>>> print(open('run_22.pdb').read())   # PDB, C-alpha atoms
ATOM      1  CA  MET A   1       0.000   0.000   0.000
ATOM      2  CA  GLN A   2       1.759   3.119  -1.163
ATOM      3  CA  MET A   3       0.736   6.633  -2.020
ATOM      4  CA  SER A   4       1.594   8.013  -5.420
ATOM      5  CA  GLN A   5       4.739  10.094  -5.844
ATOM      6  CA  GLY A   6       2.368  12.973  -6.499
ATOM      7  CA  VAL A   7       1.761  13.415  -2.776
ATOM      8  CA  GLU A   8       5.399  14.322  -2.149
ATOM      9  CA  TRP A   9       5.412  16.657  -5.148
ATOM     10  CA  ALA A  10       2.165  18.331  -4.111
ATOM     11  CA  LEU A  11       3.244  18.849  -0.505
ATOM     12  CA  HIS A  12       6.550  20.458  -1.456
ATOM     13  CA  THR A  13       5.010  22.549  -4.210
ATOM     14  CA  CYS A  14       2.363  23.957  -1.877
ATOM     15  CA  LEU A  15       4.985  24.685   0.756
ATOM     16  CA  ASN A  16       7.196  26.477  -1.771
ATOM     17  CA  LEU A  17       4.291  28.568  -3.018
ATOM     18  CA  SER A  18       3.676  29.659   0.572
ATOM     19  CA  TRP A  19       6.996  31.538   0.488
ATOM     20  CA  LEU A  20       5.952  33.672  -2.477
ATOM     21  CA  PRO A  21       3.799  36.801  -2.386
ATOM     22  CA  PRO A  22       0.150  35.639  -2.430
ATOM     23  CA  ASP A  23      -0.502  37.160  -5.841
ATOM     24  CA  GLN A  24       2.533  35.612  -7.560
ATOM     25  CA  ALA A  25       1.495  32.778  -9.869
ATOM     26  CA  VAL A  26       4.075  30.228 -11.039
ATOM     27  CA  PRO A  27       3.661  28.267 -14.277
ATOM     28  CA  THR A  28       3.875  24.459 -14.296
ATOM     29  CA  GLY A  29       7.249  24.504 -16.057
ATOM     30  CA  LYS A  30       8.889  26.477 -13.264
ATOM     31  CA  LEU A  31       7.287  24.377 -10.550
ATOM     32  CA  ALA A  32       8.486  21.192 -12.284
ATOM     33  CA  ALA A  33      12.009  22.524 -12.861
ATOM     34  CA  PHE A  34      12.323  23.326  -9.157
ATOM     35  CA  TYR A  35      12.826  19.638  -8.352
ATOM     36  CA  GLU A  36      13.489  18.367 -11.900
ATOM     37  CA  LEU A  37      10.042  16.753 -12.050
ATOM     38  CA  PRO A  38       8.207  15.722 -15.239
ATOM     39  CA  ALA A  39       6.028  18.744 -16.039
ATOM     40  CA  ALA A  40       3.108  16.872 -17.617
ATOM     41  CA  TYR A  41       2.691  14.565 -14.648
ATOM     42  CA  LEU A  42       3.167  17.350 -12.112
ATOM     43  CA  ASN A  43       0.502  19.298 -13.959
ATOM     44  CA  LYS A  44      -2.007  16.544 -13.193
ATOM     45  CA  GLN A  45      -1.294  16.942  -9.492
ATOM     46  CA  LEU A  46      -1.594  20.721  -9.791
ATOM     47  CA  GLN A  47      -4.992  20.375 -11.454
ATOM     48  CA  ALA A  48      -6.105  18.036  -8.651
ATOM     49  CA  LEU A  49      -5.004  20.663  -6.112
ATOM     50  CA  VAL A  50      -7.022  23.282  -7.990
ATOM     51  CA  ARG A  51     -10.112  21.043  -7.961
ATOM     52  CA  ALA A  52      -9.662  20.650  -4.190
ATOM     53  CA  GLY A  53      -9.522  24.434  -3.730
ATOM     54  CA  ILE A  54      -5.936  24.373  -2.476
ATOM     55  CA  LEU A  55      -4.397  26.090  -5.501
ATOM     56  CA  SER A  56      -5.916  28.519  -7.936
ATOM     57  CA  SER A  57      -4.914  28.619 -11.542
ATOM     58  CA  GLN A  58      -4.468  31.882 -13.373
ATOM     59  CA  PRO A  59      -4.469  31.903 -17.187
ATOM     60  CA  GLY A  60      -2.454  34.179 -19.457
ATOM     61  CA  PRO A  61       1.203  35.066 -20.072
ATOM     62  CA  ARG A  62       1.825  35.905 -16.400
ATOM     63  CA  GLY A  63      -0.362  33.002 -15.325
ATOM     64  CA  GLY A  64       0.315  29.906 -13.307
ATOM     65  CA  PHE A  65      -0.547  28.496  -9.918
ATOM     66  CA  ARG A  66      -0.721  30.048  -6.487
ATOM     67  CA  LEU A  67      -2.197  29.057  -3.156
ATOM     68  CA  ALA A  68      -5.966  29.557  -3.146
ATOM     69  CA  ARG A  69      -6.091  30.056   0.602
ATOM     70  CA  ALA A  70      -3.805  30.891   3.503
ATOM     71  CA  PRO A  71      -1.280  28.234   4.624
ATOM     72  CA  GLU A  72      -3.048  28.303   7.996
ATOM     73  CA  ASP A  73      -6.108  26.890   6.220
ATOM     74  CA  ILE A  74      -4.349  24.069   4.348
ATOM     75  CA  THR A  75      -3.622  20.855   6.229
ATOM     76  CA  LEU A  76      -1.512  17.875   5.220
ATOM     77  CA  LEU A  77      -4.782  15.938   5.032
ATOM     78  CA  ASP A  78      -6.199  18.397   2.477
ATOM     79  CA  VAL A  79      -3.219  17.844   0.180
ATOM     80  CA  VAL A  80      -3.146  14.063   0.614
ATOM     81  CA  LEU A  81      -6.868  13.680  -0.098
ATOM     82  CA  ALA A  82      -6.634  16.002  -3.112
ATOM     83  CA  ILE A  83      -4.066  13.675  -4.686
ATOM     84  CA  GLU A  84      -5.108  10.257  -3.360
ATOM     85  CA  GLY A  85      -8.868  10.711  -3.255
ATOM     86  CA  PRO A  86     -11.207  10.405  -0.284
ATOM     87  CA  ASP A  87     -11.382   6.600   0.067
ATOM     88  CA  GLU A  88     -10.123   4.771   3.124
ATOM     89  CA  ALA A  89      -7.044   2.614   2.640
ATOM     90  CA  PHE A  90      -8.745  -0.507   3.961
ATOM     91  CA  VAL A  91     -11.159  -1.963   1.445
ATOM     92  CA  CYS A  92     -14.097  -3.868   2.947
ATOM     93  CA  ASN A  93     -15.682  -5.998   0.249
ATOM     94  CA  GLN A  94     -18.178  -7.378   2.733
ATOM     95  CA  ILE A  95     -17.073 -10.979   2.532
ATOM     96  CA  LEU A  96     -19.260 -11.602   5.606
ATOM     97  CA  ARG A  97     -22.182 -11.697   3.141
ATOM     98  CA  HIS A  98     -20.874 -15.051   1.946
ATOM     99  CA  GLY A  99     -20.201 -16.434   5.427
ATOM    100  CA  PRO A 100     -22.627 -18.348   7.661
ATOM    101  CA  GLY A 101     -25.703 -16.242   8.450
ATOM    102  CA  GLY A 102     -24.668 -13.630   5.863
ATOM    103  CA  ARG A 103     -27.586 -11.459   4.752
ATOM    104  CA  PRO A 104     -27.682  -9.527   1.480
ATOM    105  CA  GLU A 105     -29.508  -6.524   2.963
ATOM    106  CA  VAL A 106     -26.925  -5.846   5.681
ATOM    107  CA  ASP A 107     -24.199  -3.243   5.051
ATOM    108  CA  TYR A 108     -21.264  -5.080   6.576
ATOM    109  CA  ARG A 109     -18.995  -2.085   6.001
ATOM    110  CA  GLN A 110     -20.899  -0.583   8.923
ATOM    111  CA  THR A 111     -21.536  -3.628  11.107
ATOM    112  CA  CYS A 112     -18.336  -5.662  10.719
ATOM    113  CA  LEU A 113     -16.196  -5.192  13.807
ATOM    114  CA  LEU A 114     -12.979  -5.815  11.892
ATOM    115  CA  ALA A 115     -13.924  -3.100   9.403
ATOM    116  CA  ARG A 116     -14.693  -0.873  12.358
ATOM    117  CA  GLY A 117     -11.285  -1.577  13.887
ATOM    118  CA  MET A 118      -9.585  -0.735  10.615
ATOM    119  CA  ARG A 119     -11.628   2.459  10.397
ATOM    120  CA  ARG A 120     -10.470   3.534  13.867
ATOM    121  CA  ALA A 121      -6.907   3.446  12.585
ATOM    122  CA  ASP A 122      -7.854   5.377   9.451
ATOM    123  CA  ILE A 123      -9.485   8.053  11.608
ATOM    124  CA  ALA A 124      -6.355   8.312  13.783
ATOM    125  CA  TRP A 125      -4.261   8.759  10.627
ATOM    126  CA  ARG A 126      -6.551  11.451   9.230
ATOM    127  CA  ARG A 127      -6.737  13.249  12.558
ATOM    128  CA  GLU A 128      -2.953  13.443  12.728
ATOM    129  CA  LEU A 129      -2.702  14.770   9.162
ATOM    130  CA  ALA A 130      -5.522  17.246   9.756
ATOM    131  CA  ALA A 131      -3.759  18.560  12.865
ATOM    132  CA  GLN A 132      -0.784  19.788  10.829
ATOM    133  CA  THR A 133      -1.186  22.912   8.726
ATOM    134  CA  LEU A 134       1.094  24.105   5.979
ATOM    135  CA  ALA A 135       1.716  27.228   8.082
ATOM    136  CA  GLU A 136       3.029  25.143  10.980
ATOM    137  CA  ILE A 137       5.286  23.086   8.727
ATOM    138  CA  ARG A 138       6.532  26.297   7.116
ATOM    139  CA  GLU A 139       7.338  27.790  10.511
ATOM    140  CA  ASP A 140       9.135  24.605  11.490
ATOM    141  CA  VAL A 141      11.201  24.648   8.281
ATOM    142  CA  GLU A 142      12.112  28.305   8.810
ATOM    143  CA  ARG A 143      13.297  27.530  12.327
ATOM    144  CA  HIS A 144      15.472  24.588  11.258
ATOM    145  CA  PHE A 145      16.545  25.824   7.819
ATOM    146  CA  PRO A 146      16.397  29.651   7.890
ATOM    147  CA  GLU A 147      17.834  29.989   4.394
ATOM    148  CA  THR A 148      15.010  28.030   2.745
ATOM    149  CA  PRO A 149      12.536  30.888   2.066
ATOM    150  CA  ARG A 150      15.220  33.015   0.387
ATOM    151  CA  ASN A 151      16.591  30.063  -1.600
ATOM    152  CA  THR A 152      13.104  29.162  -2.743
ATOM    153  CA  ARG A 153      12.272  32.679  -3.942
ATOM    154  CA  ALA A 154      15.687  32.952  -5.614
ATOM    155  CA  ARG A 155      15.240  29.738  -7.579
ATOM    156  CA  PHE A 156      11.807  30.806  -8.819
ATOM    157  CA  ALA A 157      13.170  34.247  -9.749
ATOM    158  CA  GLY A 158      16.231  32.855 -11.482
ATOM    159  CA  GLN A 159      14.586  30.351 -13.779
TER
ATOM    160  CA  MET B   1      -3.987   4.290  -1.984
ATOM    161  CA  GLN B   2      -5.709   1.042  -1.173
ATOM    162  CA  MET B   3      -4.775  -2.124   0.632
ATOM    163  CA  SER B   4      -5.110  -5.414  -1.177
ATOM    164  CA  GLN B   5      -8.260  -7.486  -0.712
ATOM    165  CA  GLY B   6      -6.008  -9.951   1.054
ATOM    166  CA  VAL B   7      -6.085  -7.864   4.231
ATOM    167  CA  GLU B   8      -9.827  -8.391   4.639
ATOM    168  CA  TRP B   9      -9.462 -12.099   3.892
ATOM    169  CA  ALA B  10      -6.566 -12.517   6.314
ATOM    170  CA  LEU B  11      -8.301 -10.666   9.147
ATOM    171  CA  HIS B  12     -11.484 -12.731   8.884
ATOM    172  CA  THR B  13      -9.617 -15.994   8.443
ATOM    173  CA  CYS B  14      -7.503 -15.408  11.562
ATOM    174  CA  LEU B  15     -10.605 -14.442  13.538
ATOM    175  CA  ASN B  16     -12.433 -17.589  12.398
ATOM    176  CA  LEU B  17      -9.504 -19.797  13.334
ATOM    177  CA  SER B  18      -9.593 -18.280  16.816
ATOM    178  CA  TRP B  19     -12.968 -19.985  17.365
ATOM    179  CA  LEU B  20     -11.552 -23.452  16.716
ATOM    180  CA  PRO B  21      -9.644 -25.651  19.158
ATOM    181  CA  PRO B  22      -5.982 -24.540  19.024
ATOM    182  CA  ASP B  23      -4.840 -27.865  17.556
ATOM    183  CA  GLN B  24      -7.429 -27.981  14.756
ATOM    184  CA  ALA B  25      -5.828 -27.217  11.390
ATOM    185  CA  VAL B  26      -7.989 -26.177   8.436
ATOM    186  CA  PRO B  27      -6.891 -26.713   4.831
ATOM    187  CA  THR B  28      -6.859 -23.847   2.335
ATOM    188  CA  GLY B  29      -9.861 -25.229   0.459
ATOM    189  CA  LYS B  30     -12.087 -25.042   3.523
ATOM    190  CA  LEU B  31     -10.851 -21.589   4.484
ATOM    191  CA  ALA B  32     -11.514 -20.358   0.943
ATOM    192  CA  ALA B  33     -14.954 -21.969   0.742
ATOM    193  CA  PHE B  34     -15.986 -20.225   3.960
ATOM    194  CA  TYR B  35     -16.383 -16.919   2.098
ATOM    195  CA  GLU B  36     -16.332 -18.285  -1.468
ATOM    196  CA  LEU B  37     -12.829 -16.901  -2.017
ATOM    197  CA  PRO B  38     -10.376 -18.033  -4.735
ATOM    198  CA  ALA B  39      -8.288 -20.719  -3.003
ATOM    199  CA  ALA B  40      -5.023 -20.115  -4.872
ATOM    200  CA  TYR B  41      -4.985 -16.416  -4.075
ATOM    201  CA  LEU B  42      -6.075 -16.960  -0.467
ATOM    202  CA  ASN B  43      -3.255 -19.464  -0.130
ATOM    203  CA  LYS B  44      -0.759 -16.695  -0.889
ATOM    204  CA  GLN B  45      -2.127 -14.675   2.010
ATOM    205  CA  LEU B  46      -2.018 -17.745   4.278
ATOM    206  CA  GLN B  47       1.627 -18.309   3.399
ATOM    207  CA  ALA B  48       2.373 -14.671   4.196
ATOM    208  CA  LEU B  49       0.680 -15.111   7.582
ATOM    209  CA  VAL B  50       2.835 -18.197   8.212
ATOM    210  CA  ARG B  51       5.999 -16.243   7.346
ATOM    211  CA  ALA B  52       4.908 -13.570   9.827
ATOM    212  CA  GLY B  53       4.473 -16.182  12.579
ATOM    213  CA  ILE B  54       0.714 -15.566  12.837
ATOM    214  CA  LEU B  55      -0.376 -18.912  11.396
ATOM    215  CA  SER B  56       1.392 -22.234  11.416
ATOM    216  CA  SER B  57       1.033 -24.693   8.601
ATOM    217  CA  GLN B  58       0.710 -28.403   9.237
ATOM    218  CA  PRO B  59       1.374 -30.845   6.396
ATOM    219  CA  GLY B  60      -0.352 -34.179   5.821
ATOM    220  CA  PRO B  61      -3.873 -35.491   5.282
ATOM    221  CA  ARG B  62      -5.205 -33.812   8.451
ATOM    222  CA  GLY B  63      -3.051 -30.760   7.780
ATOM    223  CA  GLY B  64      -3.880 -27.149   7.184
ATOM    224  CA  PHE B  65      -3.538 -23.835   8.974
ATOM    225  CA  ARG B  66      -4.085 -22.823  12.563
ATOM    226  CA  LEU B  67      -3.134 -19.817  14.684
ATOM    227  CA  ALA B  68       0.529 -19.951  15.659
ATOM    228  CA  ARG B  69      -0.039 -17.936  18.809
ATOM    229  CA  ALA B  70      -2.842 -16.848  21.112
ATOM    230  CA  PRO B  71      -5.358 -14.267  19.806
ATOM    231  CA  GLU B  72      -4.217 -12.041  22.683
ATOM    232  CA  ASP B  73      -0.819 -11.895  20.982
ATOM    233  CA  ILE B  74      -2.022 -11.053  17.473
ATOM    234  CA  THR B  75      -2.866  -7.444  16.682
ATOM    235  CA  LEU B  76      -4.572  -5.952  13.649
ATOM    236  CA  LEU B  77      -1.202  -4.368  12.834
ATOM    237  CA  ASP B  78       0.475  -7.797  12.762
ATOM    238  CA  VAL B  79      -2.003  -9.037  10.160
ATOM    239  CA  VAL B  80      -1.918  -5.874   8.049
ATOM    240  CA  LEU B  81       1.894  -5.787   7.930
ATOM    241  CA  ALA B  82       2.043  -9.521   7.119
ATOM    242  CA  ILE B  83      -0.047  -8.903   3.992
ATOM    243  CA  GLU B  84       0.970  -5.377   2.987
ATOM    244  CA  GLY B  85       4.607  -5.409   4.044
ATOM    245  CA  PRO B  86       6.402  -3.119   6.459
ATOM    246  CA  ASP B  87       6.757   0.018   4.314
ATOM    247  CA  GLU B  88       5.105   3.287   5.210
ATOM    248  CA  ALA B  89       2.296   4.426   2.928
ATOM    249  CA  PHE B  90       3.929   7.776   2.200
ATOM    250  CA  VAL B  91       6.833   7.445  -0.195
ATOM    251  CA  CYS B  92       9.590  10.045   0.243
ATOM    252  CA  ASN B  93      11.754  10.053  -2.858
ATOM    253  CA  GLN B  94      13.865  12.865  -1.436
ATOM    254  CA  ILE B  95      13.049  15.416  -4.107
ATOM    255  CA  LEU B  96      14.694  17.990  -1.822
ATOM    256  CA  ARG B  97      18.002  16.669  -3.205
ATOM    257  CA  HIS B  98      17.152  18.379  -6.472
ATOM    258  CA  GLY B  99      15.970  21.614  -4.874
ATOM    259  CA  PRO B 100      18.096  24.666  -4.016
ATOM    260  CA  GLY B 101      20.823  23.752  -1.531
ATOM    261  CA  GLY B 102      20.078  20.037  -1.973
ATOM    262  CA  ARG B 103      23.012  17.859  -0.879
ATOM    263  CA  PRO B 104      23.573  14.282  -2.063
ATOM    264  CA  GLU B 105      24.888  13.060   1.297
ATOM    265  CA  VAL B 106      21.818  14.128   3.295
ATOM    266  CA  ASP B 107      19.088  11.553   3.998
ATOM    267  CA  TYR B 108      16.057  13.756   3.449
ATOM    268  CA  ARG B 109      13.739  10.957   4.535
ATOM    269  CA  GLN B 110      14.983  11.799   8.024
ATOM    270  CA  THR B 111      15.429  15.562   7.820
ATOM    271  CA  CYS B 112      12.508  16.673   5.650
ATOM    272  CA  LEU B 113       9.823  18.140   7.875
ATOM    273  CA  LEU B 114       7.052  17.187   5.475
ATOM    274  CA  ALA B 115       8.224  13.568   5.527
ATOM    275  CA  ARG B 116       8.315  13.820   9.303
ATOM    276  CA  GLY B 117       4.748  15.119   9.388
ATOM    277  CA  MET B 118       3.598  12.259   7.182
ATOM    278  CA  ARG B 119       5.433   9.805   9.428
ATOM    279  CA  ARG B 120       3.621  11.140  12.496
ATOM    280  CA  ALA B 121       0.347  10.151  10.854
ATOM    281  CA  ASP B 122       1.704   6.736   9.919
ATOM    282  CA  ILE B 123       2.756   6.166  13.526
ATOM    283  CA  ALA B 124      -0.706   7.155  14.773
ATOM    284  CA  TRP B 125      -2.225   4.656  12.327
ATOM    285  CA  ARG B 126       0.090   1.861  13.416
ATOM    286  CA  ARG B 127      -0.440   2.625  17.071
ATOM    287  CA  GLU B 128      -4.202   2.348  16.674
ATOM    288  CA  LEU B 129      -3.903  -0.977  14.812
ATOM    289  CA  ALA B 130      -1.395  -2.310  17.345
ATOM    290  CA  ALA B 131      -3.769  -1.432  20.189
ATOM    291  CA  GLN B 132      -6.402  -3.872  18.924
ATOM    292  CA  THR B 133      -5.829  -7.581  19.432
ATOM    293  CA  LEU B 134      -7.671 -10.397  17.749
ATOM    294  CA  ALA B 135      -8.847 -11.478  21.215
ATOM    295  CA  GLU B 136     -10.514  -8.112  21.796
ATOM    296  CA  ILE B 137     -12.205  -8.133  18.399
ATOM    297  CA  ARG B 138     -13.354 -11.698  19.037
ATOM    298  CA  GLU B 139     -14.836 -10.716  22.392
ATOM    299  CA  ASP B 140     -16.568  -7.768  20.770
ATOM    300  CA  VAL B 141     -18.026  -9.995  18.041
ATOM    301  CA  GLU B 142     -19.257 -12.511  20.625
ATOM    302  CA  ARG B 143     -20.990  -9.737  22.531
ATOM    303  CA  HIS B 144     -22.734  -8.325  19.476
ATOM    304  CA  PHE B 145     -23.269 -11.551  17.518
ATOM    305  CA  PRO B 146     -23.371 -14.407  20.037
ATOM    306  CA  GLU B 147     -24.207 -17.003  17.391
ATOM    307  CA  THR B 148     -21.009 -16.379  15.411
ATOM    308  CA  PRO B 149     -18.638 -18.848  17.172
ATOM    309  CA  ARG B 150     -21.144 -21.711  16.803
ATOM    310  CA  ASN B 151     -21.935 -20.808  13.177
ATOM    311  CA  THR B 152     -18.241 -20.636  12.364
ATOM    312  CA  ARG B 153     -17.449 -24.039  13.861
ATOM    313  CA  ALA B 154     -20.528 -25.550  12.190
ATOM    314  CA  ARG B 155     -19.530 -24.321   8.756
ATOM    315  CA  PHE B 156     -16.000 -25.694   9.099
ATOM    316  CA  ALA B 157     -17.394 -29.018  10.375
ATOM    317  CA  GLY B 158     -20.030 -29.253   7.649
ATOM    318  CA  GLN B 159     -17.811 -28.671   4.646
TER
END
>>> encode(input="run_22.pdb", output="structure tokens")
Amino acid sequence: MQMSQGVEWALHTCLNLSWLPPDQAVPTGKLAAFYELPAAYLNKQLQALVRAGILSSQPGPRGGFRLARAPEDITLLDVVLAIEGPDEAFVCNQILRHGPGGRPEVDYRQTCLLARGMRRADIAWRRELAAQTLAEIREDVERHFPETPRNTRARFAGQ
Amino acid sequence: MQMSQGVEWALHTCLNLSWLPPDQAVPTGKLAAFYELPAAYLNKQLQALVRAGILSSQPGPRGGFRLARAPEDITLLDVVLAIEGPDEAFVCNQILRHGPGGRPEVDYRQTCLLARGMRRADIAWRRELAAQTLAEIREDVERHFPETPRNTRARFAGQ
């Protein structure tokens, strides 16, 4: 069970955009070049972030992507779900339906106590991701690596 | 990001075996027939559970699979990791290496604060799965569905 590479790309891209002035849009090519990523594939992640309301996309010659809301209002969970979709990792195919006493009208995704146990873990995972905002991560990065904001802006400016 | 179907199969199979006498081994065919599962594919999950020390496999005409240890000593995490492997769901490919100031000798899986944030969620998920034993789930099932142990033994006996 692994997330797509796009999650790492999306997280770092959103974080980098948080160091730019809010009205500065960056085109896909520049965002891809930042980490030497394939632009076409990164663009798919960027579009998913736009659909989730995390980025906004600005057309035109000075167009590109920027954060659609403040880093305080973007959590790790928002970014992960934008890329990976809303489904839980554990898939309950209701095999209890085929077991002894199984009934076709019962929704075993709700009643099965193993499914419920797996869901408790999924909720703990989501809660932990939802508790971390992009603003907090940014602050943490700035504390540990004070040169990062300047380096980030310089690389975007220099490309 | 989804787990394989095998996780659901493995969880239910281990739970069902916990209702049998500890020395009763059940062959793959019977375990598969219980939920009308494909025997060859279920057998792969059973072998993985044996490798993880959760099941033991007994050869011979009265052979098959049984729990290798008490349900009190088997957690949901044990079963999930046996099927899905030990890797974390978030994949850090260290794209920071290619960013400004990126250094080839640094292990960004350890230093990257986004990777660290993702790992916090993974730990919360594992902790929640590790906190639930098969014995507790079994007790919970018996409380809510008291006929389940008898039904389970009857289906294994009747096949």
>>> interface_residues(input="run_22.pdb", of="chain A", to="chain B", cutoff="9 Å", atoms="only C-alpha atoms", output="MDAnalysis selection string")
chainID A and resid 1:5 7:9 11:12 33:37 76 84:85 87:101 112:115 117:118 120:129 132 137:138 140:141 148 151:152 154:155
>>> atom_distance(input="run_22.pdb", atom1="CA of Val50 (chain A)", atom2="CA of Cys14 (chain A)")
11.2 Å
>>> atom_distance(input="run_22.pdb", atom1="CA of Gly63 (chain A)", atom2="CA of Ala25 (chain A)")
5.8 Å
>>> residues_around(input="run_22.pdb", residues="Ala82 (chain A)", least_positions_apart="6", cutoff="6 Å", atoms="only C-alpha atoms", output="PyMOL selection string")
chain A and resi 48-49+52
>>> write_last_selection(input="run_22.pdb", atoms="C-alpha atoms", output="PDB file, in the coordinates of the input")
ATOM      1  CA  ALA A  48      -6.105  18.036  -8.651  1.00  0.00           C
ATOM      2  CA  LEU A  49      -5.004  20.663  -6.112  1.00  0.00           C
ATOM      3  CA  ALA A  52      -9.662  20.650  -4.190  1.00  0.00           C
TER       4      ALA A  52
END
>>> atom_distance(input="run_22.pdb", atom1="CA of Leu46 (chain A)", atom2="CA of Asp78 (chain A)")
13.3 Å
>>> resolve_selection(input="run_22.pdb", expression="the PyMOL selection byres ((chain B and resi 71) around 8)", output="mmCIF file with C-alpha atoms, keeping the file's coordinate frame")
data_model
loop_
_atom_site.group_PDB
_atom_site.id
_atom_site.type_symbol
_atom_site.label_atom_id
_atom_site.label_comp_id
_atom_site.auth_asym_id
_atom_site.auth_seq_id
_atom_site.Cartn_x
_atom_site.Cartn_y
_atom_site.Cartn_z
ATOM 1 C CA SER B 18 -9.593 -18.280 16.816
ATOM 2 C CA LEU B 67 -3.134 -19.817 14.684
ATOM 3 C CA ARG B 69 -0.039 -17.936 18.809
ATOM 4 C CA ALA B 70 -2.842 -16.848 21.112
ATOM 5 C CA GLU B 72 -4.217 -12.041 22.683
ATOM 6 C CA ASP B 73 -0.819 -11.895 20.982
ATOM 7 C CA ILE B 74 -2.022 -11.053 17.473
ATOM 8 C CA THR B 75 -2.866 -7.444 16.682
ATOM 9 C CA THR B 133 -5.829 -7.581 19.432
ATOM 10 C CA LEU B 134 -7.671 -10.397 17.749
ATOM 11 C CA ALA B 135 -8.847 -11.478 21.215
#
>>> closest_residue(input="run_22.pdb", among="B:Arg51, B:Arg143, B:Arg109, B:Arg66", to="Pro22 (chain B)", atoms="only C-alpha atoms")
B:Arg66
>>> resolve_selection(input="run_22.pdb", expression="the PyMOL selection byres ((chain A and resi 26) around 7)", output="PyMOL selection string")
chain A and resi 24-25+27-28+30-31+63-66
